[in-house]
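Asker: As input, take run.cif (mmCIF, C-alpha atoms and all ligand atoms):
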data_protein
#
loop_
_atom_site.label_atom_id
_atom_site.label_comp_id
_atom_site.auth_asym_id
_atom_site.auth_seq_id
_atom_site.Cartn_x
_atom_site.Cartn_y
_atom_site.Cartn_z
CA MET A 1 3.85 0.68 -5.36
CA GLN A 2 4.10 -1.23 -8.64
CA ASN A 3 1.02 -1.81 -10.78
CA ILE A 4 1.03 -5.53 -11.43
CA HIS A 5 -1.91 -7.29 -13.03
CA VAL A 6 -1.27 -10.98 -12.84
CA ALA A 7 -2.55 -13.31 -15.55
CA LEU A 8 -3.92 -16.33 -13.75
CA PRO A 9 -4.18 -19.67 -15.49
CA GLY A 10 -7.65 -21.14 -14.98
CA ALA A 11 -9.11 -17.95 -13.52
CA VAL A 12 -11.48 -15.42 -15.05
CA GLU A 13 -9.84 -12.59 -16.94
CA SER A 14 -9.37 -9.49 -14.86
CA PRO A 15 -10.83 -6.29 -16.30
CA ALA A 16 -8.47 -4.88 -18.94
CA SER A 17 -8.58 -1.40 -17.49
CA CYS A 18 -8.74 -2.12 -13.79
CA ARG A 19 -7.56 0.33 -11.19
CA PRO A 20 -3.86 0.12 -10.28
CA HIS A 21 -3.54 -1.78 -7.03
CA GLU A 22 -2.40 -0.07 -3.89
CA LEU A 23 -2.32 -2.66 -1.16
CA VAL A 24 -1.67 -1.02 2.17
CA GLU A 25 -0.73 -2.62 5.47
CA LEU A 26 -3.58 -1.93 7.89
CA ILE A 27 -1.48 -1.51 11.02
CA ARG A 28 0.77 0.95 9.22
CA LEU A 29 -2.27 3.02 8.35
CA ASP A 30 -3.51 2.88 11.94
CA PRO A 31 -1.72 0.90 14.70
CA ALA A 32 -5.01 0.90 16.66
CA LEU A 33 -6.37 -1.82 14.33
CA ARG A 34 -5.93 -5.19 16.04
CA LEU A 35 -4.99 -8.34 14.11
CA ASP A 36 -5.46 -12.07 14.71
CA VAL A 37 -4.27 -13.65 11.46
CA ARG A 38 -5.47 -17.22 11.89
CA TYR A 39 -4.13 -18.32 8.49
CA ALA A 40 -0.61 -17.57 9.75
CA THR A 41 -1.21 -20.07 12.61
CA ALA A 42 -2.49 -23.65 12.84
CA GLU A 43 -5.77 -22.28 14.29
CA ASN A 44 -7.81 -22.35 11.07
CA PHE A 45 -9.95 -24.82 9.12
CA ILE A 46 -6.88 -26.18 7.31
CA GLY A 47 -5.13 -27.00 10.61
CA ARG A 48 -1.75 -25.55 9.63
CA ALA A 49 -0.30 -22.17 8.75
CA VAL A 50 -0.96 -21.23 5.13
CA TYR A 51 0.37 -17.65 5.30
CA PRO A 52 4.12 -17.22 5.92
CA GLU A 53 3.51 -13.84 7.57
CA ALA A 54 0.81 -12.48 9.90
CA ARG A 55 -0.02 -9.45 7.77
CA VAL A 56 -3.31 -7.87 6.68
CA LEU A 57 -3.34 -5.72 3.56
CA LEU A 58 -6.24 -4.10 1.69
CA GLN A 59 -6.60 -1.73 -1.24
CA ARG A 60 -6.33 1.81 0.12
CA PRO A 61 -10.01 2.95 -0.10
CA GLY A 62 -11.26 -0.07 1.89
CA ALA A 63 -8.37 0.18 4.34
CA GLU A 64 -9.14 3.84 5.04
CA ALA A 65 -12.82 2.99 5.54
CA LEU A 66 -11.84 0.38 8.16
CA VAL A 67 -9.83 2.97 10.07
CA ARG A 68 -12.90 5.24 10.17
CA ILE A 69 -15.18 2.38 11.26
CA ASN A 70 -12.77 1.38 14.04
CA ARG A 71 -12.72 4.98 15.33
CA ARG A 72 -16.52 5.17 15.36
CA LEU A 73 -16.83 1.84 17.19
CA LYS A 74 -14.43 3.08 19.87
CA GLY A 75 -17.15 5.42 21.10
CA LEU A 76 -19.37 2.37 21.68
CA GLY A 77 -16.64 0.47 23.57
CA TYR A 78 -15.59 -1.89 20.77
CA GLY A 79 -12.71 -2.31 18.35
CA LEU A 80 -12.23 -4.28 15.11
CA LEU A 81 -10.31 -7.55 15.36
CA ILE A 82 -9.15 -8.47 11.87
CA PHE A 83 -8.56 -12.04 10.71
CA ASP A 84 -7.78 -11.61 7.01
CA GLY A 85 -7.64 -9.19 4.10
CA TYR A 86 -5.74 -9.58 0.83
CA ARG A 87 -5.21 -13.28 0.08
CA PRO A 88 -2.96 -14.47 -2.79
CA TRP A 89 -4.97 -16.34 -5.44
CA SER A 90 -2.89 -19.52 -5.01
CA ILE A 91 -4.15 -19.77 -1.39
CA THR A 92 -7.76 -19.63 -2.66
CA GLN A 93 -6.88 -22.49 -5.00
CA LEU A 94 -5.37 -24.45 -2.08
CA PHE A 95 -8.54 -23.98 0.04
CA TRP A 96 -10.70 -25.25 -2.84
CA GLU A 97 -8.59 -28.39 -3.17
CA LEU A 98 -8.65 -29.13 0.56
CA VAL A 99 -12.34 -28.68 1.43
CA SER A 100 -15.06 -31.29 1.07
CA GLU A 101 -17.96 -30.95 -1.37
CA LYS A 102 -20.22 -29.89 1.52
CA GLN A 103 -17.83 -27.09 2.51
CA ARG A 104 -17.48 -25.67 -1.02
CA PRO A 105 -20.25 -23.03 -0.62
CA TYR A 106 -18.06 -21.50 2.09
CA VAL A 107 -14.90 -21.08 0.01
CA ALA A 108 -14.35 -19.20 -3.27
CA ASP A 109 -14.09 -21.06 -6.55
CA PRO A 110 -10.58 -20.27 -7.87
CA ALA A 111 -12.01 -20.18 -11.41
CA GLU A 112 -13.72 -16.95 -10.40
CA GLY A 113 -11.34 -15.89 -7.66
CA SER A 114 -12.21 -14.38 -4.30
CA ARG A 115 -12.72 -10.72 -3.51
CA HIS A 116 -9.91 -11.33 -1.02
CA ASN A 117 -7.66 -11.93 -4.08
CA ARG A 118 -8.49 -8.39 -5.21
CA GLY A 119 -7.57 -6.91 -1.82
CA CYS A 120 -11.18 -5.78 -1.38
CA ALA A 121 -12.55 -8.22 1.22
CA VAL A 122 -11.93 -8.41 4.94
CA ASP A 123 -12.75 -11.02 7.59
CA LEU A 124 -13.20 -9.54 11.02
CA THR A 125 -15.05 -9.42 14.33
CA LEU A 126 -15.32 -7.14 17.36
CA TYR A 127 -13.46 -7.08 20.63
CA ASP A 128 -14.45 -5.37 23.87
CA LEU A 129 -12.14 -2.42 24.58
CA MET A 130 -12.60 -2.80 28.36
CA THR A 131 -11.66 -6.47 28.60
CA GLY A 132 -9.61 -6.83 25.42
CA ARG A 133 -11.56 -10.00 24.68
CA GLU A 134 -13.10 -11.03 21.39
CA VAL A 135 -16.91 -10.81 21.61
CA THR A 136 -19.06 -13.91 21.25
CA MET A 137 -20.73 -14.13 17.85
CA PRO A 138 -23.44 -16.64 16.73
CA SER A 139 -20.69 -18.88 15.29
CA ALA A 140 -16.92 -19.18 15.33
CA TYR A 141 -14.91 -17.58 12.52
CA ASP A 142 -14.77 -19.93 9.52
CA GLU A 143 -17.47 -22.22 10.94
CA MET A 144 -19.07 -23.75 7.84
CA ASN A 145 -22.75 -24.12 8.71
CA GLU A 146 -25.94 -22.05 9.00
CA ARG A 147 -24.84 -20.41 12.27
CA ALA A 148 -22.32 -18.50 10.16
CA HIS A 149 -25.05 -16.93 8.00
CA PRO A 150 -25.61 -13.24 8.83
CA ASP A 151 -29.38 -13.78 8.94
CA TYR A 152 -29.23 -16.85 11.24
CA ALA A 153 -31.92 -16.24 13.85
CA GLY A 154 -31.03 -18.99 16.34
CA GLY A 155 -28.82 -19.02 19.42
CA ASP A 156 -28.62 -16.36 22.12
CA PRO A 157 -29.74 -12.77 21.47
CA GLU A 158 -26.51 -11.12 22.68
CA PRO A 159 -24.24 -12.70 20.03
CA ARG A 160 -26.80 -11.71 17.39
CA ARG A 161 -26.75 -8.15 18.75
CA MET A 162 -22.95 -8.09 18.38
CA ARG A 163 -23.23 -9.43 14.83
CA GLU A 164 -25.71 -6.65 13.95
CA LEU A 165 -23.48 -4.00 15.54
CA LEU A 166 -20.56 -5.14 13.36
CA ARG A 167 -22.70 -5.30 10.23
CA THR A 168 -24.29 -1.89 10.77
CA ALA A 169 -20.90 -0.29 11.39
CA MET A 170 -19.39 -1.87 8.26
CA GLU A 171 -22.36 -1.15 6.00
CA ALA A 172 -22.31 2.51 7.03
CA ASP A 173 -18.94 2.90 5.27
CA GLY A 174 -19.14 0.98 1.99
CA PHE A 175 -18.88 -2.67 3.01
CA THR A 176 -21.42 -5.44 2.30
CA VAL A 177 -21.71 -8.64 4.31
CA TYR A 178 -21.34 -12.00 2.56
CA PRO A 179 -24.60 -14.07 2.56
CA THR A 180 -23.06 -17.13 4.28
CA GLU A 181 -20.42 -15.55 6.55
CA TRP A 182 -21.14 -12.83 9.15
CA TRP A 183 -17.38 -12.05 9.37
CA HIS A 184 -16.76 -11.47 5.65
CA PHE A 185 -17.28 -8.03 4.10
CA ASP A 186 -16.63 -6.82 0.55
CA TYR A 187 -15.69 -3.24 -0.18
CA LYS A 188 -17.93 -1.53 -2.73
CA ASP A 189 -15.34 -1.01 -5.49
CA TRP A 190 -14.03 -4.60 -5.64
CA ARG A 191 -14.98 -4.99 -9.33
CA GLU A 192 -12.45 -2.35 -10.29
CA TYR A 193 -9.43 -4.34 -9.08
CA ALA A 194 -7.63 -7.28 -10.67
CA LEU A 195 -7.25 -10.72 -9.14
CA LEU A 196 -3.72 -10.87 -7.71
CA ASP A 197 -1.36 -13.66 -6.82
CA LEU A 198 1.40 -11.58 -5.27
CA PRO A 199 3.04 -13.36 -2.34
CA PHE A 200 3.17 -11.34 0.90
CA HIS A 201 6.93 -10.96 0.74
CA ALA A 202 6.59 -9.22 -2.64
CA ILE A 203 4.47 -6.46 -1.07
CA VAL A 204 6.48 -3.91 0.87
ZN ZN B 301 -13.56 -13.76 3.77
#
For the structure just supplied, provide its representation as structure tokens.
Answerer:
Amino acid sequence: MQNIHVALPGAVESPASCRPHELVELIRLDPALRLDVRYATAENFIGRAVYPEARVLLQRPGAEALVRINRRLKGLGYGLLIFDGYRPWSITQLFWELVSEKQRPYVADPAEGSRHNRGCAVDLTLYDLMTGREVTMPSAYDEMNERAHPDYAGGDPEPRRMRELLRTAMEADGFTVYPTEWWHFDYKDWREYALLDLPFHAIV
């Protein structure tokens, strides 16, 4: 894997001595990880595909943690269903341009970049191993309102229980939930990686 630190016009400088990136394809690491890459379909808040390929990549330490978490959840009857991982910086910029002022707290400011741009954030939920169906959470993925907050106390108890199960499992292995999105988790070493704008086809 090449070590490419991309200089991004308009974005914060990446640390001068950041860790070399090693983006790994999750399903190559463990085919048991299930994907539903909404940004490669029209089923997302933009309403059209913004990724040319349905791939999820993360920096190796976070990717390996996800494999462990998925294995532990299996014993409880659940699996991880992954929506997104590494996101090229130019897609973050596109999201910022397309959302309304009210929606801006729910998308990353491209001037700072997203932890997804560093390959250190993942969006995911749980599915039931018996039925194969995605579990019901307090909000839909990418819903931009208070139901998406991980501390939202409304709605039915069972979706909140599922949300807590996901959060507990993720936090036990180095991930931290985002304050306005129950589905978004940052891996602990995200500061050590540069913002990247590598297109998916450039990552083999
Ligand atoms: Zn996210």
Asker: So, with only C-alpha atoms as the atoms that count, which of A:Asp30, A:Asp36, A:Asp109, A:Asp84 lies closest to Asp123 (chain A)?
Answerer: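 Among the listed residues, the smallest separation from Asp123 (chain A) belongs to A:Asp84.
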Asker: Throw together the list of residues within 9 Å of ligand ZN 301 (chain B), counting all atoms listed in the file, and drop it here as a ChimeraX atom specification.
Answerer: /A:83-85,107-108,114-116,121-124,142,178,181,183-186
Asker: I need the residue nearest Arg55 (chain A) from this list: A:Gly77, A:Met162, A:Leu33, A:Glu143. Use all atoms listed in the file for the distance.
Answerer: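 Smallest separation from Arg55 (chain A) among the options: A:Leu33.
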Asker: Counting all atoms listed in the file, find the residues whose atoms lie at most 6 Å from (-7.6, -3.1, -10.9) (file coordinates) and write them out as a ChimeraX atom specification.
Answerer: /A:18-21,192-194
Asker: Using Å and a single decimal, report how far CA of Met144 (chain A) sits from CA of Asn44 (chain A).
Answerer: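 Going from CA of Asn44 (chain A) over to CA of Met144 (chain A), I get 11.8 Å.
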Asker: Do you know which residues are at most 9 Å from Lys188 (chain A) counting all atoms listed in the file, after dropping those on the same chain fewer than 2 positions away, and could you put them as a VMD selection string?
Answerer: chain A and resid 62 120 174 to 176 186 190 to 191
Asker: Given the choices A:Leu26, A:Tyr141, A:Asn117, A:His149, which gets closest to Tyr39 (chain A) if the distance is worked out from all atoms listed in the file?
Answerer: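 The answer is A:Tyr141, which sits nearest to Tyr39 (chain A).
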Asker: Could you check how far CA of Leu35 (chain A) sits from CA of Glu97 (chain A), in Å to one decimal?
Answerer: 26.7 Å
Asker: May I ask which of the residues A:Tyr127, A:Trp89, A:Tyr78, A:Trp182 is the closest one to Pro110 (chain A), counting only C-alpha atoms?
Answerer: A:Trp89
Asker: Using only C-alpha atoms, which residues sit within 12 Å of Arg34 (chain A) once same-chain residues fewer than 5 positions away are excluded, as a list of chain:residue names?
Answerer: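 The residues satisfying every condition are A:Leu26, A:Ile27, A:Arg28, A:Leu29, A:Ala54, A:Arg55, A:Val56, A:Leu66, A:Val67, A:Asn70, A:Tyr78, A:Gly79, A:Leu80, A:Leu81, A:Ile82, A:Phe83, A:Asp84, A:Leu124, A:Thr125, A:Leu126, A:Tyr127, A:Asp128, A:Leu129, A:Gly132, A:Arg133, A:Glu134.
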Asker: In Å, with one decimal, what is the gap from CA of Gly154 (chain A) to CA of Leu76 (chain A)?
Answerer: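 So the two atoms, CA of Gly154 (chain A) and CA of Leu76 (chain A), lie 24.9 Å apart.
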Asker: With only C-alpha atoms as the counted atoms, please give the residues lying no more than 10 Å from region 51-53 of chain A, apart from itself and same-chain residues fewer than 4 positions off, as a PyMOL selection string.
Answerer: chain A and resi 37-41+87-88+91+199-201
Asker: Select, from A:Glu146, A:Leu166, A:Val24, A:Gly47, the residue with the minimum atom-to-atom distance to Ala63 (chain A), counting only C-alpha atoms.
Answerer: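 Among the listed residues, A:Val24 lies closest to Ala63 (chain A).
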Asker: May I have the centre and edge lengths, in Å to one decimal, of an axis-aligned box around the listed atoms of region 174-186 of chain A with 5 Å added to every side, as AutoDock Vina command-line options?
Answerer:
--center_x -20.6 --center_y -8.1 --center_z 5.0 --size_x 18.0 --size_y 28.1 --size_z 18.8
Asker: Rank nothing, just name the residue among A:Ala32, A:Met130, A:Val50, A:Leu73 nearest to Phe95 (chain A), using all atoms listed in the file.
Answerer: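 Using all atoms listed in the file, the shortest distance to Phe95 (chain A) belongs to A:Val50.
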Asker: Do you know which residues are at most 10 Å from region 155-160 of chain A counting all atoms listed in the file, after dropping those on the same chain fewer than 5 positions away, and could you put them as a compact mmCIF listing (two decimals) with C-alpha atoms, in the coordinates of the input?
Answerer:
# COMPACT_ATOMS: atom_id res chain seq x y z
CA VAL A 135 -16.91 -10.81 21.61
CA THR A 136 -19.06 -13.91 21.25
CA MET A 137 -20.73 -14.13 17.85
CA PRO A 138 -23.44 -16.64 16.73
CA SER A 139 -20.69 -18.88 15.29
CA ARG A 147 -24.84 -20.41 12.27
CA PRO A 150 -25.61 -13.24 8.83
CA LEU A 165 -23.48 -4.00 15.54
CA LEU A 166 -20.56 -5.14 13.36
